[in-house]
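With compact mmCIF, C-alpha atoms inside, this is my_file-v4.txt:
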# COMPACT_ATOMS: atom_id res chain seq x y z
CA MET H 28 15.78 3.67 -9.92
CA GLU H 29 12.85 3.98 -12.32
CA GLU H 30 10.15 6.44 -11.26
CA ILE H 31 6.90 4.97 -9.89
CA LYS H 32 4.20 6.31 -12.21
CA PHE H 33 1.35 4.21 -10.83
CA PRO H 34 1.56 4.26 -7.01
CA LEU H 35 0.52 1.60 -4.54
CA ILE H 36 -3.25 1.03 -4.40
CA TYR H 37 -4.61 0.66 -0.87
CA SER H 38 -7.64 -1.56 -0.24
CA SER H 39 -10.28 -0.61 2.28
CA PRO H 40 -12.24 -3.21 4.27
CA LYS H 41 -15.35 -4.39 2.45
CA SER H 42 -18.71 -5.20 4.04
CA GLY H 43 -19.67 -8.00 1.67
CA LEU H 44 -22.70 -6.06 0.48
CA GLU H 45 -20.85 -4.45 -2.43
CA PRO H 46 -22.57 -5.45 -5.71
CA LEU H 47 -21.16 -7.11 -8.80
CA ILE H 48 -22.68 -5.06 -11.62
CA ASP H 49 -23.18 -5.95 -15.27
CA SER H 50 -22.88 -3.58 -18.23
CA PRO H 51 -26.42 -2.10 -17.94
CA GLY H 52 -25.81 -1.51 -14.22
CA LYS H 53 -27.89 -4.41 -12.89
CA GLU H 54 -26.70 -6.26 -9.78
CA VAL H 55 -25.53 -9.76 -10.64
CA SER H 56 -24.33 -10.80 -7.21
CA LYS H 57 -22.80 -9.46 -4.02
CA LEU H 58 -19.23 -9.60 -2.83
CA SER H 59 -20.28 -11.91 0.01
CA ASP H 60 -21.51 -14.38 -2.61
CA PHE H 61 -18.07 -14.36 -4.19
CA TRP H 62 -16.47 -14.96 -0.78
CA GLN H 63 -18.81 -17.89 -0.20
CA TRP H 64 -18.01 -19.35 -3.62
CA ALA H 65 -14.24 -18.89 -3.43
CA TYR H 66 -13.35 -19.38 0.21
CA SER H 67 -15.74 -21.86 1.82
CA ASN H 68 -13.28 -24.77 1.75
CA LEU H 69 -11.33 -23.86 4.87
CA ILE H 70 -9.62 -27.26 5.05
CA ASP H 71 -7.84 -26.64 1.75
CA ASN H 72 -4.15 -25.94 2.41
CA ALA H 73 -4.19 -22.47 0.85
CA GLN H 74 -7.38 -21.31 2.55
CA ARG H 75 -6.40 -22.84 5.89
CA GLY H 76 -3.23 -20.77 5.77
CA VAL H 77 -5.15 -17.56 5.17
CA LEU H 78 -7.62 -18.48 7.92
CA ALA H 79 -4.72 -19.01 10.33
CA GLU H 80 -3.43 -15.54 9.49
CA TYR H 81 -6.88 -14.14 10.25
CA ILE H 82 -7.09 -16.05 13.53
CA VAL H 83 -3.78 -14.60 14.71
CA ALA H 84 -4.88 -11.16 13.47
CA CYS H 85 -8.00 -11.52 15.65
CA ALA H 86 -5.84 -12.41 18.64
CA LEU H 87 -3.84 -9.22 18.02
CA ASN H 88 -6.98 -7.15 17.30
CA ILE H 89 -5.72 -6.09 13.87
CA GLN H 90 -8.24 -8.01 11.76
CA ARG H 91 -9.68 -4.82 10.27
CA ASN H 92 -6.46 -4.24 8.35
CA PRO H 93 -6.92 -5.92 4.93
CA ARG H 94 -4.51 -8.73 4.14
CA ILE H 95 -1.65 -8.01 1.71
CA ASN H 96 -0.60 -10.85 -0.58
CA TRP H 97 3.12 -11.45 -1.11
CA ASP H 98 4.27 -9.02 1.57
CA LYS H 99 7.55 -9.62 3.40
CA TYR H 100 5.63 -10.90 6.41
CA ASP H 101 2.04 -11.87 7.08
CA LEU H 102 1.08 -9.50 9.91
CA ILE H 103 2.34 -6.48 11.78
CA SER H 104 1.04 -5.82 15.28
CA ASN H 105 -0.04 -2.46 16.64
CA ASP H 106 3.34 -2.42 18.42
CA GLY H 107 5.22 -2.85 15.15
CA ILE H 108 6.09 -6.54 15.61
CA THR H 109 6.31 -8.33 12.26
CA ILE H 110 4.92 -11.85 12.24
CA GLU H 111 5.13 -14.83 9.89
CA ILE H 112 2.29 -17.37 10.10
CA LYS H 113 2.88 -21.02 9.18
CA THR H 114 0.26 -23.77 9.25
CA SER H 115 0.05 -27.53 9.18
CA ALA H 116 -2.71 -30.08 9.74
CA TYR H 117 -3.36 -33.78 10.13
CA LEU H 118 -6.40 -33.73 7.84
CA GLN H 119 -6.49 -32.78 4.17
CA THR H 120 -9.30 -32.33 1.66
CA TRP H 121 -8.27 -35.42 -0.31
CA GLY H 122 -8.71 -39.06 0.72
CA GLN H 123 -5.96 -40.10 3.13
CA LYS H 124 -4.56 -43.50 4.04
CA LYS H 125 -2.96 -41.94 7.11
CA LEU H 126 -2.83 -38.58 8.86
CA SER H 127 -0.38 -36.03 7.47
CA ASN H 128 2.89 -35.29 9.21
CA LEU H 129 3.17 -31.85 10.74
CA THR H 130 5.81 -29.86 8.86
CA PHE H 131 6.24 -26.15 8.17
CA GLY H 132 8.09 -24.14 5.54
CA ILE H 133 10.67 -21.79 7.09
CA GLN H 134 12.98 -21.03 4.18
CA PRO H 135 14.60 -17.59 3.97
CA THR H 136 13.22 -15.44 1.14
CA PHE H 137 13.94 -12.30 -0.83
CA GLY H 138 11.60 -9.71 0.65
CA TRP H 139 9.29 -7.84 -1.73
CA ASN H 140 8.41 -4.17 -1.42
CA GLN H 141 4.88 -3.65 -2.73
CA ALA H 142 5.34 0.13 -2.97
CA THR H 143 8.25 -0.22 -5.42
CA ASN H 144 7.57 -3.74 -6.79
CA GLU H 145 11.20 -4.64 -6.10
CA TYR H 146 12.87 -7.48 -4.25
CA ASP H 147 15.59 -7.18 -1.61
CA ASP H 148 19.13 -8.26 -2.44
CA ILE H 149 19.59 -10.46 0.62
CA LYS H 150 17.67 -13.67 1.30
CA MET H 151 16.53 -13.88 4.93
CA ARG H 152 13.63 -14.65 7.23
CA GLN H 153 11.71 -11.41 7.11
CA ALA H 154 9.60 -11.32 10.29
CA ASP H 155 10.51 -10.82 13.95
CA ILE H 156 8.35 -13.69 15.17
CA TYR H 157 7.01 -16.96 13.76
CA VAL H 158 3.63 -18.34 14.84
CA PHE H 159 3.14 -22.00 13.93
CA CYS H 160 -0.56 -22.85 13.75
CA ILE H 161 -1.60 -26.50 13.89
CA HIS H 162 -5.09 -27.59 13.00
CA LYS H 163 -4.87 -30.59 15.30
CA HIS H 164 -8.29 -32.18 14.72
CA GLN H 165 -8.14 -35.77 13.45
CA ASN H 166 -11.79 -36.72 12.87
CA PRO H 167 -13.02 -35.85 9.34
CA LEU H 168 -16.64 -36.17 10.48
CA SER H 169 -16.37 -33.33 12.99
CA VAL H 170 -13.59 -31.20 11.52
CA ASN H 171 -14.31 -27.48 11.80
CA PRO H 172 -11.43 -25.00 11.31
CA LEU H 173 -13.65 -22.23 12.74
CA ASP H 174 -13.58 -23.93 16.15
CA LEU H 175 -10.50 -22.58 17.89
CA ASN H 176 -10.49 -25.60 20.20
CA GLN H 177 -9.25 -27.54 17.16
CA TRP H 178 -6.10 -25.39 16.89
CA GLU H 179 -2.74 -25.22 18.64
CA PHE H 180 -0.29 -22.32 18.40
CA TYR H 181 3.49 -22.30 18.90
CA VAL H 182 5.49 -19.08 19.03
CA LEU H 183 9.19 -18.75 18.28
CA LYS H 184 11.43 -15.78 17.63
CA THR H 185 13.09 -15.70 14.24
CA ALA H 186 16.53 -15.31 15.80
CA THR H 187 16.17 -18.80 17.29
CA LEU H 188 15.49 -20.29 13.88
CA ASN H 189 18.42 -18.42 12.38
CA ASN H 190 20.79 -19.47 15.13
CA ARG H 191 19.68 -23.09 15.48
CA VAL H 192 18.68 -24.28 12.01
CA GLY H 193 20.40 -21.82 9.66
CA ASN H 194 18.98 -21.83 6.13
CA GLN H 195 16.92 -24.97 6.65
CA LYS H 196 13.78 -24.89 4.47
CA THR H 197 11.35 -27.00 6.51
CA ILE H 198 10.90 -28.00 10.12
CA THR H 199 8.81 -30.57 11.99
CA ILE H 200 6.75 -29.94 15.09
CA ASN H 201 9.05 -32.15 17.16
CA LYS H 202 12.07 -30.11 16.08
CA LEU H 203 10.22 -26.91 16.96
CA LYS H 204 9.56 -28.25 20.44
CA SER H 205 13.25 -29.08 20.80
CA LEU H 206 13.94 -25.39 20.08
CA ASP H 207 11.72 -24.50 23.06
CA ALA H 208 8.70 -23.51 20.99
CA ARG H 209 5.82 -23.89 23.43
CA TYR H 210 2.11 -24.41 23.02
CA PHE H 211 -0.21 -21.45 23.60
CA CYS H 212 -3.95 -21.12 23.28
CA PHE H 213 -5.63 -18.42 21.21
CA GLU H 214 -6.35 -16.21 24.22
CA ASP H 215 -2.65 -16.06 25.17
CA LEU H 216 -1.25 -15.31 21.72
CA LYS H 217 -1.10 -11.52 21.98
CA ALA H 218 0.79 -11.48 25.28
CA THR H 219 3.04 -14.34 24.17
CA ILE H 220 4.05 -12.67 20.90
CA SER H 221 4.87 -9.45 22.76
CA ALA H 222 6.90 -11.29 25.42
CA GLU H 223 8.80 -13.35 22.83
CA TYR H 224 9.62 -10.21 20.85
CA LYS H 225 10.97 -8.43 23.92
CA ASN H 226 13.12 -11.48 24.60
CA ARG H 227 14.43 -11.60 21.06
CA GLY H 228 18.09 -10.95 21.81

Final structure tokens representation of the file:
Amino acid sequence: MEEIKFPLIYSSPKSGLEPLIDSPGKEVSKLSDFWQWAYSNLIDNAQRGVLAEYIVACALNIQRNPRINWDKYDLISNDGITIEIKTSAYLQTWGQKKLSNLTFGIQPTFGWNQATNEYDDIKMRQADIYVFCIHKHQNPLSVNPLDLNQWEFYVLKTATLNNRVGNQKTITINKLKSLDARYFCFEDLKATISAEYKNRG
């Protein structure tokens, strides 16, 4: 194995007050301005997915740990439970003739190790637990992804997916319910994830 000459760079949480500085050292903008510019569209599929990860992180009280892109799983709890977050929604940012169907990607993947920049040899579902987050709101005039009343959460252990759907790449909400995935509110997520993990056999 080739020696790692440039080790993993860890990111610390930012306050948003950090300045963007030009060549003479003058402040051009603040980091919070960049966040506002880049991430305000929370209905966009990509940003909604990141927001859902943050929501679950808040439920687990691990939101101060900066997000890692392309990791094997989306979150790891304080108890060491690895979690994959999947999202779906009825409303999209584009004009719609009808509401979107609720489907989730569940395909097995080759896990990536950010410390070595190498992929695993075996394709699999990487996390212990899946949390399926549905932005259920259907009125574009009052849609607000920051309102947790507009979300539903379903928790399922990865072993159930492996045993019941094999290498299937996508799954619908109705199929998830047939696998005994049950609805939970935000306030119950932490206890539910822990209980599902302990019952993972």

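Here atom CA of H:Pro46 and atom CA of H:Leu58 stand 6.1 Å from one another.
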
Closest-contact table, stretch 39-101 of chain H side, partner stretch 113-117 of chain H, 9 Å, counting all atoms listed in the file, as a Markdown table:
| residue | atom | partner | partner_atom | distance |
| --- | --- | --- | --- | --- |
| H:Ile70 | CA | H:Ala116 | CA | 8.8 |
| H:Asn72 | CA | H:Ser115 | CA | 8.1 |
| H:Arg75 | CA | H:Thr114 | CA | 7.5 |
| H:Gly76 | CA | H:Thr114 | CA | 5.8 |
| H:Ala79 | CA | H:Thr114 | CA | 7.0 |
| H:Glu80 | CA | H:Lys113 | CA | 8.4 |

Q: May I have the protein, DNA and RNA residues with an atom at most 12 Å from (15.4, -17.0, 4.8), counting only C-alpha atoms in the file's coordinates, returned as JSON, numbers by chain?
A: {"H": [99, 100, 111, 132, 133, 134, 135, 136, 137, 138, 147, 148, 149, 150, 151, 152, 153, 154, 185, 186, 188, 189, 190, 192, 193, 194, 195, 196, 197]}

Q) Between atom CA of H:Thr130 and atom CA of H:Ile108, what is the distance, to one decimal in Å? A) 24.3 Å

Q | Nearest-residue call for H:Lys184, choices H:Ser127, H:Thr109, H:Asn88, H:Asn68, using all atoms listed in the file | A | H:Thr109

Q: May I have the protein, DNA and RNA residues with any atom at most 10 Å from the point (-19.0, -8.3, 3.1), counting only C-alpha atoms, written as a list in words?
A: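 It turns out the residues near that spot are Pro40, Lys41, Ser42, Gly43, Leu44, Glu45, Pro46, Lys57, Leu58, Ser59, Asp60, Phe61 and Trp62 of chain H.
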
Q: May I have the residues within 9 Å of H:Tyr210 as an MDAnalysis selection string, using all atoms listed in the file and disregarding those fewer than 2 positions away in the same chain?
A: chainID H and resid 179:182 204 208 212

Q) In Å, how far is it from atom CA of H:Ser38 to atom CA of H:Gly52? A)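 So the two atoms, atom CA of H:Ser38 and atom CA of H:Gly52, lie 22.9 Å apart.
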
**Q.** All residues 12 Å or closer to H:Leu126, all atoms listed in the file, same chain fewer than 6 positions away omitted, as a ChimeraX atom specification
**A.** /H:115-120,162-167

Q: Go through H:Phe213, H:Phe131, H:Tyr66, H:Trp97 and flag the residue nearest H:Ala84, using only C-alpha atoms for the distances.
A: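 When distances to H:Ala84 are compared using only C-alpha atoms, the smallest one comes from H:Phe213.
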
Q: Rank nothing, just name the residue among H:Leu173, H:Phe159, H:Asp98, H:Pro34 nearest to H:Tyr146, using all atoms listed in the file.
A: H:Asp98

Any idea what's packed within 12 Å of H:Tyr37, counting all atoms listed in the file, ignoring anything in its chain fewer than 5 positions away? Could you give it as a short mmCIF file (atom, residue, chain, number, x, y, z; two decimals) with C-alpha atoms, in the frame of the given file?
data_model
loop_
_atom_site.label_atom_id
_atom_site.label_comp_id
_atom_site.auth_asym_id
_atom_site.auth_seq_id
_atom_site.Cartn_x
_atom_site.Cartn_y
_atom_site.Cartn_z
CA ASN H 92 -6.46 -4.24 8.35
CA PRO H 93 -6.92 -5.92 4.93
CA ARG H 94 -4.51 -8.73 4.14
CA ILE H 95 -1.65 -8.01 1.71
CA GLN H 141 4.88 -3.65 -2.73
CA ALA H 142 5.34 0.13 -2.97
#

Q) From the list H:Trp178, H:Tyr224, H:Trp139, H:Tyr81, which residue is nearest H:Ile156 when using all atoms listed in the file? A) H:Tyr224

Some atoms are missing, so please complete stretch 193-223 of chain H with N, CA and C atoms and return it as a JSON list (two decimals), keeping the file's coordinate frame.
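The new file selection38.json reads:
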[["chain", "number", "residue", "atom", "x", "y", "z"],
["H", 193, "GLY", "N", 19.79, -22.45, 10.82],
["H", 193, "GLY", "CA", 20.40, -21.82, 9.66],
["H", 193, "GLY", "C", 19.42, -21.59, 8.52],
["H", 194, "ASN", "N", 19.80, -22.03, 7.33],
["H", 194, "ASN", "CA", 18.98, -21.83, 6.13],
["H", 194, "ASN", "C", 18.05, -23.00, 5.84],
["H", 195, "GLN", "N", 17.83, -23.82, 6.82],
["H", 195, "GLN", "CA", 16.92, -24.97, 6.65],
["H", 195, "GLN", "C", 15.57, -24.51, 6.09],
["H", 196, "LYS", "N", 15.00, -25.30, 5.17],
["H", 196, "LYS", "CA", 13.78, -24.89, 4.47],
["H", 196, "LYS", "C", 12.51, -25.35, 5.15],
["H", 197, "THR", "N", 12.54, -26.49, 5.84],
["H", 197, "THR", "CA", 11.35, -27.00, 6.51],
["H", 197, "THR", "C", 11.71, -27.44, 7.92],
["H", 198, "ILE", "N", 10.67, -27.57, 8.74],
["H", 198, "ILE", "CA", 10.90, -28.00, 10.12],
["H", 198, "ILE", "C", 9.68, -28.77, 10.60],
["H", 199, "THR", "N", 9.90, -29.77, 11.43],
["H", 199, "THR", "CA", 8.81, -30.57, 11.99],
["H", 199, "THR", "C", 8.39, -30.01, 13.34],
["H", 200, "ILE", "N", 7.23, -30.41, 13.79],
["H", 200, "ILE", "CA", 6.75, -29.94, 15.09],
["H", 200, "ILE", "C", 7.66, -30.43, 16.22],
["H", 201, "ASN", "N", 8.18, -31.65, 16.11],
["H", 201, "ASN", "CA", 9.05, -32.15, 17.16],
["H", 201, "ASN", "C", 10.35, -31.35, 17.24],
["H", 202, "LYS", "N", 10.87, -30.94, 16.08],
["H", 202, "LYS", "CA", 12.07, -30.11, 16.08],
["H", 202, "LYS", "C", 11.77, -28.75, 16.67],
["H", 203, "LEU", "N", 10.60, -28.20, 16.37],
["H", 203, "LEU", "CA", 10.22, -26.91, 16.96],
["H", 203, "LEU", "C", 10.19, -27.00, 18.48],
["H", 204, "LYS", "N", 9.62, -28.08, 18.99],
["H", 204, "LYS", "CA", 9.56, -28.25, 20.44],
["H", 204, "LYS", "C", 10.95, -28.36, 21.04],
["H", 205, "SER", "N", 11.88, -28.97, 20.30],
["H", 205, "SER", "CA", 13.25, -29.08, 20.80],
["H", 205, "SER", "C", 13.95, -27.72, 20.82],
["H", 206, "LEU", "N", 13.40, -26.75, 20.06],
["H", 206, "LEU", "CA", 13.94, -25.39, 20.08],
["H", 206, "LEU", "C", 13.24, -24.52, 21.12],
["H", 207, "ASP", "N", 12.45, -25.17, 21.98],
["H", 207, "ASP", "CA", 11.72, -24.50, 23.06],
["H", 207, "ASP", "C", 10.50, -23.72, 22.58],
["H", 208, "ALA", "N", 10.00, -24.06, 21.39],
["H", 208, "ALA", "CA", 8.70, -23.51, 20.99],
["H", 208, "ALA", "C", 7.64, -24.17, 21.86],
["H", 209, "ARG", "N", 6.81, -23.37, 22.50],
["H", 209, "ARG", "CA", 5.82, -23.89, 23.43],
["H", 209, "ARG", "C", 4.41, -23.64, 22.94],
["H", 210, "TYR", "N", 3.52, -24.53, 23.39],
["H", 210, "TYR", "CA", 2.11, -24.41, 23.02],
["H", 210, "TYR", "C", 1.44, -23.26, 23.75],
["H", 211, "PHE", "N", 0.61, -22.51, 23.01],
["H", 211, "PHE", "CA", -0.21, -21.45, 23.60],
["H", 211, "PHE", "C", -1.60, -21.52, 23.00],
["H", 212, "CYS", "N", -2.59, -21.17, 23.79],
["H", 212, "CYS", "CA", -3.95, -21.12, 23.28],
["H", 212, "CYS", "C", -4.20, -19.75, 22.64],
["H", 213, "PHE", "N", -5.29, -19.64, 21.93],
["H", 213, "PHE", "CA", -5.63, -18.42, 21.21],
["H", 213, "PHE", "C", -5.61, -17.20, 22.13],
["H", 214, "GLU", "N", -6.20, -17.35, 23.30],
["H", 214, "GLU", "CA", -6.35, -16.21, 24.22],
["H", 214, "GLU", "C", -5.02, -15.67, 24.72],
["H", 215, "ASP", "N", -3.96, -16.49, 24.67],
["H", 215, "ASP", "CA", -2.65, -16.06, 25.17],
["H", 215, "ASP", "C", -1.71, -15.57, 24.08],
["H", 216, "LEU", "N", -2.17, -15.61, 22.82],
["H", 216, "LEU", "CA", -1.25, -15.31, 21.72],
["H", 216, "LEU", "C", -0.70, -13.89, 21.77],
["H", 217, "LYS", "N", -1.55, -12.92, 22.01],
["H", 217, "LYS", "CA", -1.10, -11.52, 21.98],
["H", 217, "LYS", "C", 0.01, -11.27, 23.00],
["H", 218, "ALA", "N", -0.21, -11.69, 24.23],
["H", 218, "ALA", "CA", 0.79, -11.48, 25.28],
["H", 218, "ALA", "C", 2.06, -12.28, 25.00],
["H", 219, "THR", "N", 1.90, -13.48, 24.45],
["H", 219, "THR", "CA", 3.04, -14.34, 24.17],
["H", 219, "THR", "C", 3.92, -13.76, 23.07],
["H", 220, "ILE", "N", 3.30, -13.27, 22.00],
["H", 220, "ILE", "CA", 4.05, -12.67, 20.90],
["H", 220, "ILE", "C", 4.83, -11.46, 21.39],
["H", 221, "SER", "N", 4.20, -10.64, 22.21],
["H", 221, "SER", "CA", 4.87, -9.45, 22.76],
["H", 221, "SER", "C", 6.05, -9.86, 23.64],
["H", 222, "ALA", "N", 5.84, -10.86, 24.51],
["H", 222, "ALA", "CA", 6.90, -11.29, 25.42],
["H", 222, "ALA", "C", 8.06, -11.92, 24.65],
["H", 223, "GLU", "N", 7.74, -12.70, 23.61],
["H", 223, "GLU", "CA", 8.80, -13.35, 22.83],
["H", 223, "GLU", "C", 9.61, -12.30, 22.07]]
